[in-house]
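Data first, discussion second: the structure below is written as structure tokens.
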Amino acid sequence: MRRRDFITVMGTAATSWPLAALAQQTEKPVIGFLDGRFPDAIANRLRGFHRGLRETGYVEGENVTVLYRYAENQVDRLPALAAELTRPPIAVIVASGGPNTVSAAKKATPTIPVVFLSAEDPARLGFVASLAHPGGNLTGINFFNRELVSKQLGFLRELVPSANRIAVLVNPAYAIVTETTLREVEATAQLKGLKIQVVRVSTSREIDAAFAAFESDRPDALFVAGDPFFNSRRLQLSLLAMRHAVPAIYSGREYAEVGGLITYGSDITDAYRQAGIYVGRILKGAKPEDMPVVQTDKLELIINAQTARALGLAVPQSLLVAADEVIE
């Protein structure tokens with residue numbers, strides 16, 4: 001059985017496991033894990049989450065059970081999946097994969113603790129009263145990928161000095177992410193004298209069509225917004241950028257690992273580790289309202305040198321020195 005098929009089967013099995021039967025079979029605390037993507041899209045991140053759980057004394061299958069629900073990039077499924085995770089014996093819910101997931105979990109329960117992972121300001125979105133004092137049943141991890149836009153465009157320009165016209169790929173299905181990204185991009189473009197071409201895509205076919213259009217209207221470079229759907233399509237995006245010879249920058253190391261040229265953003269695996277720690281603390285009796293939202297400060301710059309060579313780009317020494325990792 002192929003790895004993808006195995007993960008999908010396991011995710012489906014977990015999804016179909018009745019909560020009532022689970023309650024009868026185990027006295028272990030049960031964590032509900034809600035994500036908007038496919039199971040294999042967050043496999044690396046889950047390793048970080050499980051590491052955090054272990055740091056607080058919990059190991060899945062030994063003294064804690066995790067029940068997974070995946071929306072498989074279908075946002076409209078999130079409310080029903082979140083509702084499933086509000087039934088006993090769920091002790092805490094993890095909301096991962098974008099603001100729509102967090103919103104669905106918040107609406108589903110006012111009492112069950114929810115630990116979220118958010119790239120947006122959770123206070124501005126109304127998920128918590130404030131970062132220091134959440135004040136309700138939600139707390140979590142906040143990583144500001146969108147506020148790194150200026151640095152990302154700066155790194156891209158350093159790698160491709162001739163880049164003046166940059167295409168910006170955004171997903172209108174995630175309106176909050178798109179709005180914030182474009183606001184940051186436009187402000188930075190004005191300061192740096194860049195011309196921005198906004199490209200809106202929400203499906204795999206639309207991604208294909210966008211790159212096909214680059215054949216007749218090619219940008220100098222591409223900026224891919226931090227977005228849960230794009231993350232799930234990272235292999236497609238990286239391959240198309242290579243095929244059409246468009247230098248691109250992304251927000252997470254997972255893109256560079258599958259051939260993406262350059263990435264800069266929060267260490268997402270570590271953010272999931274911190275989420276695991278928060279879940280473990282809640283299982284031991286801590287209250288979300290007393291747990292400040294953690295703002296991640298661990299950023300990483302990853303360069304795929306092999307992709308740079310294939311695109312005919314010479315990586316400047318300044319970037320090689322600044323990089324946390326250079327993939328050969």
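By order in the structure tokens, chains are A, B, ...; within a chain, residues start at 1; ligands start at 1, following the order shown.
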
Quick one: residues within 10 Å of Asp324 of chain A, only C-alpha atoms counted, chain neighbours fewer than 4 positions away excluded, as a PyMOL selection string?
-> chain A and resi 264+299-303+319-320

Only N, CA and C atoms, please: the residues just picked out, written as a PDB file, in the first residue's frame.
```pdb
ATOM      1  N   TYR A 264      10.356  31.408   3.554  1.00  0.00           N
ATOM      2  CA  TYR A 264      10.660  32.145   4.782  1.00  0.00           C
ATOM      3  C   TYR A 264       9.385  32.272   5.595  1.00  0.00           C
ATOM      4  N   LEU A 299      11.683  31.720  13.363  1.00  0.00           N
ATOM      5  CA  LEU A 299      11.531  31.865  11.920  1.00  0.00           C
ATOM      6  C   LEU A 299      12.661  31.131  11.207  1.00  0.00           C
ATOM      7  N   GLU A 300      12.419  30.708   9.981  1.00  0.00           N
ATOM      8  CA  GLU A 300      13.467  30.005   9.252  1.00  0.00           C
ATOM      9  C   GLU A 300      13.434  30.353   7.771  1.00  0.00           C
ATOM     10  N   LEU A 301      14.632  30.511   7.221  1.00  0.00           N
ATOM     11  CA  LEU A 301      14.834  30.769   5.793  1.00  0.00           C
ATOM     12  C   LEU A 301      15.441  29.509   5.187  1.00  0.00           C
ATOM     13  N   ILE A 302      14.754  28.924   4.224  1.00  0.00           N
ATOM     14  CA  ILE A 302      15.210  27.689   3.584  1.00  0.00           C
ATOM     15  C   ILE A 302      15.387  27.956   2.093  1.00  0.00           C
ATOM     16  N   ILE A 303      16.520  27.531   1.543  1.00  0.00           N
ATOM     17  CA  ILE A 303      16.794  27.696   0.120  1.00  0.00           C
ATOM     18  C   ILE A 303      17.046  26.328  -0.498  1.00  0.00           C
ATOM     19  N   LEU A 319      22.593  35.468   1.139  1.00  0.00           N
ATOM     20  CA  LEU A 319      21.462  34.583   1.420  1.00  0.00           C
ATOM     21  C   LEU A 319      21.932  33.248   1.967  1.00  0.00           C
ATOM     22  N   LEU A 320      23.044  32.740   1.427  1.00  0.00           N
ATOM     23  CA  LEU A 320      23.561  31.464   1.909  1.00  0.00           C
ATOM     24  C   LEU A 320      23.946  31.568   3.378  1.00  0.00           C
TER      25      LEU A 320
END
```

Using only C-alpha atoms, find each residue in segment 199-282 of chain A having at least one atom no more than 9 Å away from segment 45-55 of chain A; report its shortest atom-to-atom pair and that distance in Å (one decimal), rows by chain then rising number, as a tab-separated table.
```
residue	atom	partner	partner_atom	distance
A:Ile268	CA	A:Arg45	CA	6.9
A:Thr269	CA	A:Arg45	CA	4.8
A:Asp270	CA	A:Gly48	CA	6.0
A:Ala271	CA	A:Gly48	CA	7.7
A:Tyr272	CA	A:Phe49	CA	4.6
A:Arg273	CA	A:Gly52	CA	4.2
A:Gln274	CA	A:Gly52	CA	5.9
A:Ala275	CA	A:Phe49	CA	6.3
A:Gly276	CA	A:Gly52	CA	4.2
A:Ile277	CA	A:Gly52	CA	4.6
A:Tyr278	CA	A:Gly52	CA	8.1
A:Val279	CA	A:Leu53	CA	7.1
A:Gly280	CA	A:Leu53	CA	5.6
A:Arg281	CA	A:Leu53	CA	9.0
```

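Here atom CA of Leu81 of chain A stands at a distance of 27.1 Å from atom CA of Gln295 of chain A.
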
Quick one: DSSP strand (DSSP E or B) residues in segment 30-95 of chain A, as number ranges by chain?
-> A: 30-35, 60, 64-70, 90-95

Using DSSP on the backbone coordinates, identify the residues of segment 53-144 of chain A assigned to alpha helix (DSSP H); present them as a ChimeraX atom specification.
-> /A:53-55,78-84,99-108

Selection from above, C-alpha atoms, as an mmCIF file, in the first residue's frame, can you write it?
```
data_model
loop_
_atom_site.group_PDB
_atom_site.id
_atom_site.type_symbol
_atom_site.label_atom_id
_atom_site.label_comp_id
_atom_site.auth_asym_id
_atom_site.auth_seq_id
_atom_site.Cartn_x
_atom_site.Cartn_y
_atom_site.Cartn_z
ATOM 1 C CA LEU A 53 2.301 15.839 23.814
ATOM 2 C CA ARG A 54 5.214 13.602 24.817
ATOM 3 C CA GLU A 55 6.922 16.540 26.521
ATOM 4 C CA LEU A 78 -16.031 22.079 8.943
ATOM 5 C CA PRO A 79 -19.122 22.986 11.047
ATOM 6 C CA ALA A 80 -20.466 19.418 10.971
ATOM 7 C CA LEU A 81 -17.054 17.923 11.734
ATOM 8 C CA ALA A 82 -16.556 20.359 14.608
ATOM 9 C CA ALA A 83 -19.987 19.448 15.987
ATOM 10 C CA GLU A 84 -18.970 15.758 16.021
ATOM 11 C CA PRO A 99 -9.346 30.678 10.418
ATOM 12 C CA ASN A 100 -12.385 28.804 9.102
ATOM 13 C CA THR A 101 -11.396 25.777 11.172
ATOM 14 C CA VAL A 102 -10.947 27.841 14.328
ATOM 15 C CA SER A 103 -14.249 29.619 13.727
ATOM 16 C CA ALA A 104 -16.062 26.280 13.293
ATOM 17 C CA ALA A 105 -14.627 24.966 16.574
ATOM 18 C CA LYS A 106 -15.499 28.168 18.435
ATOM 19 C CA LYS A 107 -19.087 28.098 17.195
ATOM 20 C CA ALA A 108 -19.446 24.399 17.994
#
```

Could the residues of segment 112-151 of chain A that have an atom at most 12 Å from segment 25-44 of chain A be listed as JSON lines, each with its closest atom pair and the distance in Å to one decimal, counting only C-alpha atoms and ordered by chain and ascending residue number?
```
{"residue": "A:Ile112", "atom": "CA", "partner": "A:Gly32", "partner_atom": "CA", "distance": 10.3}
{"residue": "A:Pro113", "atom": "CA", "partner": "A:Ile31", "partner_atom": "CA", "distance": 10.1}
{"residue": "A:Val114", "atom": "CA", "partner": "A:Gly32", "partner_atom": "CA", "distance": 9.2}
{"residue": "A:Val115", "atom": "CA", "partner": "A:Phe33", "partner_atom": "CA", "distance": 9.5}
{"residue": "A:Phe116", "atom": "CA", "partner": "A:Leu34", "partner_atom": "CA", "distance": 9.5}
{"residue": "A:Leu117", "atom": "CA", "partner": "A:Asp35", "partner_atom": "CA", "distance": 10.2}
{"residue": "A:Ser118", "atom": "CA", "partner": "A:Asp35", "partner_atom": "CA", "distance": 11.9}
```

Selection export as a CSV table (one decimal), in the first residue's frame, atoms kept: N, CA and C atoms:
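Writing the result to result-v9.csv gives the following:
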```csv
chain,number,residue,atom,x,y,z
A,112,ILE,N,-16.0,23.2,25.8
A,112,ILE,CA,-14.8,22.3,25.6
A,112,ILE,C,-13.6,23.2,25.3
A,113,PRO,N,-12.4,23.0,26.0
A,113,PRO,CA,-11.2,23.7,25.6
A,113,PRO,C,-10.8,23.5,24.2
A,114,VAL,N,-10.5,24.6,23.5
A,114,VAL,CA,-10.0,24.5,22.1
A,114,VAL,C,-8.6,25.2,22.0
A,115,VAL,N,-7.7,24.4,21.5
A,115,VAL,CA,-6.3,24.9,21.2
A,115,VAL,C,-6.2,25.1,19.7
A,116,PHE,N,-6.0,26.4,19.3
A,116,PHE,CA,-5.9,26.7,17.9
A,116,PHE,C,-4.5,26.9,17.4
A,117,LEU,N,-4.3,26.8,16.1
A,117,LEU,CA,-3.1,27.3,15.5
A,117,LEU,C,-3.5,28.3,14.4
A,118,SER,N,-3.1,29.6,14.5
A,118,SER,CA,-3.6,30.6,13.7
A,118,SER,C,-2.4,31.5,13.2
```

Record the distance separating atom CA of Ala225 of chain A and atom CA of Val94 of chain A, expressed in Å with one decimal.
-> 23.5 Å

Find the residues around Asp227 of chain A up to 12 Å (only C-alpha atoms counted), leave out those fewer than 6 positions away in its own chain, and share them as a ChimeraX atom specification.
-> /A:36-37,73,96-100,118-120,145-146,169-181,201-202,233-234,250-252

re atom CA of Phe214 of chain A and atom CA of Gly226 of chain A: distance 20.8 Å

Selection: 12 Å around Leu222 of chain A, only C-alpha atoms, excl. self and same-chain fewer than 4 positions, as number ranges by chain = A: 152-153, 156-157, 160, 163-170, 195-199, 210-211, 214, 218, 237-238, 240-242, 244-250, 260-263

Can you tell me, as a PyMOL selection string, what residues are no more than 8 Å from Val293 of chain A when counting only C-alpha atoms, ignoring any on the same chain fewer than 4 positions away?
-> chain A and resi 131-134+139-142

Compare A:Phe143, A:Tyr68, A:Phe155, A:Phe229 by their minimum atom-to-atom distance to Ile93 of chain A, counting only C-alpha atoms, and give me the closest one.
-> A:Tyr68

Of the candidates A:Tyr70, A:Gly61, A:Asn231, A:Thr111, which shows the shortest atom-to-atom distance to Thr86 of chain A, using only C-alpha atoms?
-> A:Thr111

Write out as a VMD selection string which residues come within 8 Å of Glu328 of chain A when counting only C-alpha atoms, dropping same-chain ones fewer than 4 positions away.
-> chain A and resid 304 to 306

Grab the residues selected above and save them as a compact mmCIF listing (two decimals), in the first residue's frame with N, CA and C atoms.
```txt
# COMPACT_ATOMS: atom_id res chain seq x y z
N ASN A 304 16.38 26.05 -1.62
CA ASN A 304 16.63 24.82 -2.36
C ASN A 304 17.64 25.13 -3.46
N ALA A 305 18.91 24.80 -3.19
CA ALA A 305 19.99 25.15 -4.11
C ALA A 305 19.87 24.40 -5.43
N GLN A 306 19.34 23.19 -5.38
CA GLN A 306 19.17 22.41 -6.60
C GLN A 306 18.18 23.09 -7.54
```
